[in-house]
Every structure is written in C-alpha cells, then in structure tokens.
file model-v4.cif (mmCIF, C-alpha atoms, pLDDT in the B column; chains and numbers go by the auth columns)
data_work
#
loop_
_atom_site.group_PDB
_atom_site.id
_atom_site.type_symbol
_atom_site.label_atom_id
_atom_site.label_comp_id
_atom_site.label_asym_id
_atom_site.label_seq_id
_atom_site.Cartn_x
_atom_site.Cartn_y
_atom_site.Cartn_z
_atom_site.B_iso_or_equiv
_atom_site.auth_seq_id
_atom_site.auth_asym_id
ATOM 1 C CA MET A 1 0.000 0.000 0.000 39.00 851 B
ATOM 2 C CA ALA A 2 1.411 3.397 -0.896 39.00 852 B
ATOM 3 C CA ALA A 3 2.038 5.929 1.866 39.00 853 B
ATOM 4 C CA SER A 4 -0.430 8.337 0.261 37.00 854 B
ATOM 5 C CA ARG A 5 -3.242 5.808 0.778 36.00 855 B
ATOM 6 C CA GLN A 6 -2.649 5.604 4.508 35.00 856 B
ATOM 7 C CA PRO A 7 -4.652 7.745 6.889 34.00 857 B
ATOM 8 C CA ALA A 8 -2.807 10.841 8.046 34.00 858 B
ATOM 9 C CA ALA A 9 -2.888 9.381 11.576 34.00 859 B
ATOM 10 C CA CYS A 10 -0.539 6.605 10.492 34.00 860 B
ATOM 11 C CA ARG A 11 1.961 9.112 9.190 33.00 861 B
ATOM 12 C CA HIS A 12 1.815 11.348 12.263 36.00 862 B
ATOM 13 C CA GLY A 13 2.371 9.715 15.664 40.00 863 B
ATOM 14 C CA ALA A 14 0.592 12.399 17.708 42.00 864 B
ATOM 15 C CA GLU A 15 -2.585 12.125 15.642 44.00 865 B
ATOM 16 C CA GLN A 16 -2.462 8.330 15.820 42.00 866 B
ATOM 17 C CA GLU A 17 -2.011 8.522 19.588 44.00 867 B
ATOM 18 C CA ALA A 18 -5.153 10.630 19.876 46.00 868 B
ATOM 19 C CA ARG A 19 -7.124 8.087 17.837 44.00 869 B
ATOM 20 C CA GLN A 20 -5.785 5.224 19.923 44.00 870 B
ATOM 21 C CA ALA A 21 -6.723 7.057 23.139 46.00 871 B
ATOM 22 C CA ALA A 22 -10.372 6.725 22.202 45.00 872 B
ATOM 23 C CA LEU A 23 -9.945 2.951 21.904 44.00 873 B
ATOM 24 C CA LEU A 24 -8.202 2.356 25.241 44.00 874 B
ATOM 25 C CA PRO A 25 -10.164 3.247 28.393 42.00 875 B
ATOM 26 C CA GLY A 26 -8.450 5.649 30.773 42.00 876 B
ATOM 27 C CA ARG A 27 -5.808 6.718 28.227 40.00 877 B
ATOM 28 C CA THR A 28 -5.190 10.411 27.990 38.00 878 B
ATOM 29 C CA PRO A 29 -2.777 11.430 25.222 39.00 879 B
ATOM 30 C CA THR A 30 0.393 12.836 26.705 38.00 880 B
ATOM 31 C CA PRO A 31 2.701 14.813 24.461 39.00 881 B
ATOM 32 C CA GLN A 32 6.235 13.552 24.774 43.00 882 B
ATOM 33 C CA ALA A 33 9.116 15.954 24.667 40.00 883 B
ATOM 34 C CA PRO A 34 11.657 15.333 21.925 44.00 884 B
ATOM 35 C CA ALA A 35 14.163 12.739 23.036 45.00 885 B
ATOM 36 C CA LYS A 36 17.552 13.980 24.140 42.00 886 B
ATOM 37 C CA PRO A 37 20.511 12.049 22.720 42.00 887 B
ATOM 38 C CA GLU A 38 21.394 10.651 26.163 38.00 888 B
ATOM 39 C CA MET A 39 17.829 9.285 26.484 41.00 889 B
ATOM 40 C CA LEU A 40 17.976 7.318 23.217 52.00 890 B
ATOM 41 C CA SER A 41 20.382 4.672 24.449 62.00 891 B
ATOM 42 C CA GLY A 42 18.924 2.287 26.964 71.00 892 B
ATOM 43 C CA SER A 43 19.341 -1.275 28.025 87.00 893 B
ATOM 44 C CA LEU A 44 15.954 -2.303 26.524 93.00 894 B
ATOM 45 C CA THR A 45 14.451 -0.875 23.344 94.00 895 B
ATOM 46 C CA THR A 46 11.827 -1.927 20.793 96.00 896 B
ATOM 47 C CA HIS A 47 10.798 -1.055 17.254 96.00 897 B
ATOM 48 C CA VAL A 48 7.514 -1.998 15.552 98.00 898 B
ATOM 49 C CA LEU A 49 7.168 -2.301 11.779 98.00 899 B
ATOM 50 C CA ASN A 50 3.872 -2.676 9.892 98.00 900 B
ATOM 51 C CA THR A 51 4.820 -5.303 7.287 97.00 901 B
ATOM 52 C CA ALA A 52 1.553 -4.838 5.404 96.00 902 B
ATOM 53 C CA THR A 53 2.735 -1.375 4.361 96.00 903 B
ATOM 54 C CA GLY A 54 6.471 -1.627 4.984 97.00 904 B
ATOM 55 C CA LEU A 55 6.243 1.424 7.245 98.00 905 B
ATOM 56 C CA PRO A 56 6.817 1.958 10.965 98.00 906 B
ATOM 57 C CA ALA A 57 3.826 1.255 13.225 98.00 907 B
ATOM 58 C CA ALA A 58 3.231 4.726 14.651 97.00 908 B
ATOM 59 C CA GLY A 59 0.930 5.194 17.627 96.00 909 B
ATOM 60 C CA LEU A 60 0.938 1.581 18.810 96.00 910 B
ATOM 61 C CA ALA A 61 0.433 1.189 22.575 95.00 911 B
ATOM 62 C CA LEU A 62 2.754 -1.085 24.524 96.00 912 B
ATOM 63 C CA ARG A 63 3.752 -1.782 28.089 95.00 913 B
ATOM 64 C CA LEU A 64 6.519 -3.634 29.905 95.00 914 B
ATOM 65 C CA ALA A 65 6.191 -6.016 32.856 94.00 915 B
ATOM 66 C CA LYS A 66 8.612 -8.147 34.862 94.00 916 B
ATOM 67 C CA LEU A 67 7.835 -11.557 36.311 95.00 917 B
ATOM 68 C CA GLY A 68 8.045 -11.259 40.072 92.00 918 B
ATOM 69 C CA GLU A 69 9.716 -13.810 42.272 83.00 919 B
ATOM 70 C CA PRO A 70 8.747 -15.925 44.093 71.00 920 B
ATOM 71 C CA GLY A 71 5.017 -15.355 43.419 74.00 921 B
ATOM 72 C CA GLY A 72 5.292 -15.476 39.673 89.00 922 B
ATOM 73 C CA GLN A 73 2.988 -12.503 39.058 93.00 923 B
ATOM 74 C CA TRP A 74 3.649 -9.906 36.378 93.00 924 B
ATOM 75 C CA MET A 75 4.479 -6.425 37.691 91.00 925 B
ATOM 76 C CA GLU A 76 4.202 -3.487 35.317 90.00 926 B
ATOM 77 C CA LEU A 77 7.291 -1.329 35.405 87.00 927 B
ATOM 78 C CA ALA A 78 7.473 2.439 35.733 58.00 928 B
ATOM 79 C CA HIS A 79 8.243 4.162 32.491 50.00 929 B
ATOM 80 C CA SER A 80 11.261 6.329 33.122 40.00 930 B
ATOM 81 C CA PRO A 81 12.439 8.818 32.024 41.00 931 B
ATOM 82 C CA ILE A 82 8.922 10.154 31.404 46.00 932 B
ATOM 83 C CA LEU A 83 6.147 8.946 33.700 46.00 933 B
ATOM 84 C CA LEU A 84 2.849 8.662 31.852 47.00 934 B
ATOM 85 C CA PRO A 85 -0.603 8.670 33.463 50.00 935 B
ATOM 86 C CA SER A 86 -1.302 5.166 32.175 60.00 936 B
ATOM 87 C CA ALA A 87 0.805 2.032 31.975 73.00 937 B
ATOM 88 C CA PHE A 88 1.016 2.352 28.198 85.00 938 B
ATOM 89 C CA ARG A 89 3.868 3.756 26.140 91.00 939 B
ATOM 90 C CA TRP A 90 3.326 4.703 22.492 94.00 940 B
ATOM 91 C CA THR A 91 5.478 4.263 19.414 96.00 941 B
ATOM 92 C CA ASP A 92 6.495 7.429 17.602 97.00 942 B
ATOM 93 C CA ALA A 93 6.355 8.138 13.861 97.00 943 B
ATOM 94 C CA ASP A 94 9.377 5.844 13.404 98.00 944 B
ATOM 95 C CA GLY A 95 7.713 2.951 15.281 97.00 945 B
ATOM 96 C CA ARG A 96 9.993 3.441 18.304 95.00 946 B
ATOM 97 C CA CYS A 97 9.605 4.789 21.817 90.00 947 B
ATOM 98 C CA LEU A 98 12.064 5.996 24.402 88.00 948 B
ATOM 99 C CA PRO A 99 14.024 3.154 26.031 91.00 949 B
ATOM 100 C CA LEU A 100 11.841 0.900 28.164 92.00 950 B
ATOM 101 C CA LEU A 101 14.694 0.343 30.606 88.00 951 B
ATOM 102 C CA PRO A 102 17.138 3.231 30.773 81.00 952 B
ATOM 103 C CA PRO A 103 20.857 2.466 31.207 83.00 953 B
ATOM 104 C CA GLY A 104 21.606 0.868 34.570 85.00 954 B
ATOM 105 C CA GLN A 105 17.982 -0.034 35.383 87.00 955 B
ATOM 106 C CA ALA A 106 17.866 -3.537 33.881 91.00 956 B
ATOM 107 C CA GLU A 107 17.908 -6.535 36.210 93.00 957 B
ATOM 108 C CA ALA A 108 18.268 -10.215 35.412 93.00 958 B
ATOM 109 C CA GLY A 109 14.852 -11.824 35.082 93.00 959 B
ATOM 110 C CA THR A 110 11.909 -12.606 32.829 94.00 960 B
ATOM 111 C CA TYR A 111 10.124 -9.714 31.109 95.00 961 B
ATOM 112 C CA LYS A 112 7.062 -9.288 28.918 95.00 962 B
ATOM 113 C CA LEU A 113 6.368 -6.667 26.260 96.00 963 B
ATOM 114 C CA HIS A 114 2.619 -6.356 25.620 96.00 964 B
ATOM 115 C CA PHE A 115 1.652 -4.717 22.303 97.00 965 B
ATOM 116 C CA GLU A 116 -1.969 -3.561 21.724 96.00 966 B
ATOM 117 C CA THR A 117 -2.209 -4.649 18.081 97.00 967 B
ATOM 118 C CA ALA A 118 -6.038 -4.752 17.762 96.00 968 B
ATOM 119 C CA ALA A 119 -6.368 -1.104 18.760 95.00 969 B
ATOM 120 C CA TYR A 120 -3.582 -0.179 16.330 97.00 970 B
ATOM 121 C CA TRP A 121 -5.267 -1.987 13.412 97.00 971 B
ATOM 122 C CA GLN A 122 -8.704 -0.593 14.344 96.00 972 B
ATOM 123 C CA GLY A 123 -7.177 2.874 14.222 95.00 973 B
ATOM 124 C CA LEU A 124 -6.197 2.147 10.625 95.00 974 B
ATOM 125 C CA GLY A 125 -9.640 0.793 9.731 96.00 975 B
ATOM 126 C CA HIS A 126 -8.630 -2.899 9.755 95.00 976 B
ATOM 127 C CA THR A 127 -9.450 -5.904 11.866 95.00 977 B
ATOM 128 C CA SER A 128 -6.770 -8.266 13.074 95.00 978 B
ATOM 129 C CA PHE A 129 -6.539 -11.874 14.108 97.00 979 B
ATOM 130 C CA TYR A 130 -4.394 -11.103 17.169 97.00 980 B
ATOM 131 C CA PRO A 131 -5.944 -8.704 19.707 97.00 981 B
ATOM 132 C CA PHE A 132 -2.519 -8.221 21.290 97.00 982 B
ATOM 133 C CA VAL A 133 0.978 -9.631 21.058 98.00 983 B
ATOM 134 C CA GLU A 134 3.017 -10.555 24.111 97.00 984 B
ATOM 135 C CA VAL A 135 6.724 -11.179 23.768 97.00 985 B
ATOM 136 C CA VAL A 136 8.251 -12.886 26.803 96.00 986 B
ATOM 137 C CA PHE A 137 12.038 -12.921 27.111 95.00 987 B
ATOM 138 C CA THR A 138 14.785 -13.339 29.681 94.00 988 B
ATOM 139 C CA ILE A 139 17.532 -10.881 30.532 93.00 989 B
ATOM 140 C CA THR A 140 20.543 -12.830 31.762 93.00 990 B
ATOM 141 C CA ASP A 141 23.165 -10.097 31.468 92.00 991 B
ATOM 142 C CA PRO A 142 21.727 -6.740 32.635 92.00 992 B
ATOM 143 C CA ALA A 143 24.801 -4.891 31.357 90.00 993 B
ATOM 144 C CA GLN A 144 24.084 -5.935 27.762 91.00 994 B
ATOM 145 C CA LYS A 145 21.819 -3.830 25.525 91.00 995 B
ATOM 146 C CA LEU A 146 18.701 -5.673 24.365 92.00 996 B
ATOM 147 C CA HIS A 147 16.532 -4.701 21.389 95.00 997 B
ATOM 148 C CA VAL A 148 13.223 -6.512 20.748 97.00 998 B
ATOM 149 C CA PRO A 149 11.772 -5.666 17.310 97.00 999 B
ATOM 150 C CA LEU A 150 8.223 -6.647 16.364 98.00 1000 B
ATOM 151 C CA LEU A 151 7.002 -7.042 12.784 98.00 1001 B
ATOM 152 C CA ILE A 152 3.202 -7.039 12.456 98.00 1002 B
ATOM 153 C CA SER A 153 0.451 -7.495 9.899 97.00 1003 B
ATOM 154 C CA PRO A 154 -3.271 -8.027 10.557 97.00 1004 B
ATOM 155 C CA TYR A 155 -2.808 -11.815 10.465 96.00 1005 B
ATOM 156 C CA SER A 156 0.760 -12.456 11.591 97.00 1006 B
ATOM 157 C CA TYR A 157 3.640 -11.252 13.709 98.00 1007 B
ATOM 158 C CA THR A 158 7.343 -11.982 14.067 98.00 1008 B
ATOM 159 C CA THR A 159 9.898 -10.993 16.653 98.00 1009 B
ATOM 160 C CA TYR A 160 13.594 -11.599 17.195 96.00 1010 B
ATOM 161 C CA ARG A 161 16.445 -10.571 19.443 95.00 1011 B
ATOM 162 C CA GLY A 162 17.978 -7.509 17.888 91.00 1012 B
ATOM 163 C CA SER A 163 21.112 -5.614 18.754 82.00 1013 B
#
call {"tool": "encode", "arguments": {"input": "model-v4.cif", "output": "structure tokens"}}
result
Amino acid sequence: MAASRQPAACRHGAEQEARQAALLPGRTPTPQAPAKPEMLSGSLTTHVLNTATGLPAAGLALRLAKLGEPGGQWMELAHSPILLPSAFRWTDADGRCLPLLPPGQAEAGTYKLHFETAAYWQGLGHTSFYPFVEVVFTITDPAQKLHVPLLISPYSYTTYRGS
C-alpha cells in the first residue's frame, strides 16, 4: 500500500495517539518531549514495523512487565524517564519509543512486552486476528543492551532478538 493511501494518523504519531486514546479506556494522550541524545540509548528498546505497508507502526500502545519472584505474578514497570498517566507507552512516527529500561535499570529476570495490536489496526480501519501480542524474554546479562523488534500485519507477527 502506498504511503499516500494511509490515513494521516498513520503518518503522524501524535494524531495516531489521539485516535488510539479513544480505543483504550483511561488513556489520555500525553505529548512527549523530543528525546535527548542521552535518552535514546537504553538497556531495553523496541521497534515496531507494519509489514503490510512496509512502514513503521506509529501510535501503537505497549507496556513492559517483569515476572516477580517468588510469586510469579507480572508487575508493570514504571516508564522512566517520562512517567505517563497510564501504563502504556506509544510508538512514535518511526515505530519506536524511548528506552523501556534506561541504562543501569535492567535486572536479570523474565520480562514481557505487551503490544496492543487490535487497537492499532482498528485505528487504521482494519481488523486483526491477534488482539494483542506478548513477547516474553529473559535478561541474563543486565549490562548488555537488548533490542526486541516486532514485525506485524493483521494476520501475523514476528519478533527476534535484535542488537
């Protein structure tokens, strides 16, 4: 699909975020300040690509949780450096968001990235087979940078350990 056929909201992260806010209860759009260079490098990052169009997935909601020990319950993590009023973070126009774990804040353990794919596709006027995607992974070396890309289409998804 050509970029000109996409809704303007897909091409502009702030507009997409506003549309997504209507789909997720309790979400109030929060403008994010432009990232400072020192904020771009973190120990955990993600990038989402819409493979149906070949473009970044702008305005997709996601959140990070860590598996607690010994109870085994998922605990949502605070979203430094910017605290948002909801647990969700949002991808920007390039399909990225500020680091999910800033440098020095990673700990060894099991984590889960939860991506709200149904709301994203609904915002583009599509339905999807997967209402959300959860990627569970283990951090064994907290000093090592970890990048978790997600490639999505309405009927499939793929992820891998990036660098």
call {"tool": "atom_distance", "arguments": {"input": "model-v4.cif", "atom1": "atom CA of Pro992 of chain B", "atom2": "atom CA of Gln955 of chain B"}}
result
8.2 Å
call {"tool": "atom_distance", "arguments": {"input": "model-v4.cif", "atom1": "atom CA of Thr960 of chain B", "atom2": "atom CA of Val998 of chain B"}}
result
13.6 Å
call {"tool": "residues_around", "arguments": {"input": "model-v4.cif", "residues": "Phe965 of chain B", "least_positions_apart": "3", "cutoff": "9 Å", "atoms": "only C-alpha atoms", "output": "list of chain:residue names"}}
result
B:Leu910, B:Ala911, B:Leu912, B:Arg913, B:Ala968, B:Pro981, B:Phe982, B:Val983, B:Glu984, B:Val985
call {"tool": "atom_distance", "arguments": {"input": "model-v4.cif", "atom1": "atom CA of Leu974 of chain B", "atom2": "atom CA of Ala937 of chain B"}}
result
22.5 Å
call {"tool": "closest_residue", "arguments": {"input": "model-v4.cif", "among": "B:Pro949, B:Gly973, B:Gly959, B:Gly1012", "to": "Leu917 of chain B", "atoms": "all atoms listed in the file"}}
result
B:Gly959
call {"tool": "closest_residue", "arguments": {"input": "model-v4.cif", "among": "B:Lys962, B:Ala907, B:Gly892, B:Arg946", "to": "Val986 of chain B", "atoms": "all atoms listed in the file"}}
result
B:Lys962
call {"tool": "resolve_selection", "arguments": {"input": "model-v4.cif", "expression": "the PyMOL selection byres ((chain B and resi 994) around 10)", "output": "list of chain:residue names"}}
result
B:Gly892, B:Ser893, B:Leu894, B:Pro953, B:Gly954, B:Ala956, B:Ile989, B:Thr990, B:Asp991, B:Pro992, B:Ala993, B:Lys995, B:Leu996, B:His997, B:Ser1013
call {"tool": "write_last_selection", "arguments": {"input": "model-v4.cif", "atoms": "C-alpha atoms", "output": "short mmCIF file (atom, residue, chain, number, x, y, z; two decimals), in the coordinates of the input"}}
result
data_model
loop_
_atom_site.label_atom_id
_atom_site.label_comp_id
_atom_site.auth_asym_id
_atom_site.auth_seq_id
_atom_site.Cartn_x
_atom_site.Cartn_y
_atom_site.Cartn_z
CA GLY B 892 18.92 2.29 26.96
CA SER B 893 19.34 -1.27 28.02
CA LEU B 894 15.95 -2.30 26.52
CA PRO B 953 20.86 2.47 31.21
CA GLY B 954 21.61 0.87 34.57
CA ALA B 956 17.87 -3.54 33.88
CA ILE B 989 17.53 -10.88 30.53
CA THR B 990 20.54 -12.83 31.76
CA ASP B 991 23.16 -10.10 31.47
CA PRO B 992 21.73 -6.74 32.64
CA ALA B 993 24.80 -4.89 31.36
CA LYS B 995 21.82 -3.83 25.52
CA LEU B 996 18.70 -5.67 24.36
CA HIS B 997 16.53 -4.70 21.39
CA SER B 1013 21.11 -5.61 18.75
#
call {"tool": "closest_residue", "arguments": {"input": "model-v4.cif", "among": "B:Ala969, B:Leu1000, B:Leu899, B:Leu963", "to": "Met925 of chain B", "atoms": "only C-alpha atoms"}}
result
B:Leu963
call {"tool": "closest_residue", "arguments": {"input": "model-v4.cif", "among": "B:Arg1011, B:Ala943, B:Ser1006, B:Tyr961", "to": "Trp924 of chain B", "atoms": "all atoms listed in the file"}}
result
B:Tyr961
call {"tool": "closest_residue", "arguments": {"input": "model-v4.cif", "among": "B:Gln923, B:Ser1003, B:Thr1009, B:Asn900", "to": "Phe979 of chain B", "atoms": "only C-alpha atoms"}}
result
B:Ser1003
call {"tool": "axis_aligned_box", "arguments": {"input": "model-v4.cif", "around": "segment 997-1004 of chain B", "padding_each_side": "5 Å", "output": "JSON"}}
result
{"center_x": 6.6, "center_y": -6.4, "center_z": 15.6, "size_x": 29.8, "size_y": 13.3, "size_z": 21.5}
call {"tool": "closest_residue", "arguments": {"input": "model-v4.cif", "among": "B:Thr896, B:Ala908, B:Leu1001, B:Ala915", "to": "Trp940 of chain B", "atoms": "only C-alpha atoms"}}
result
B:Ala908
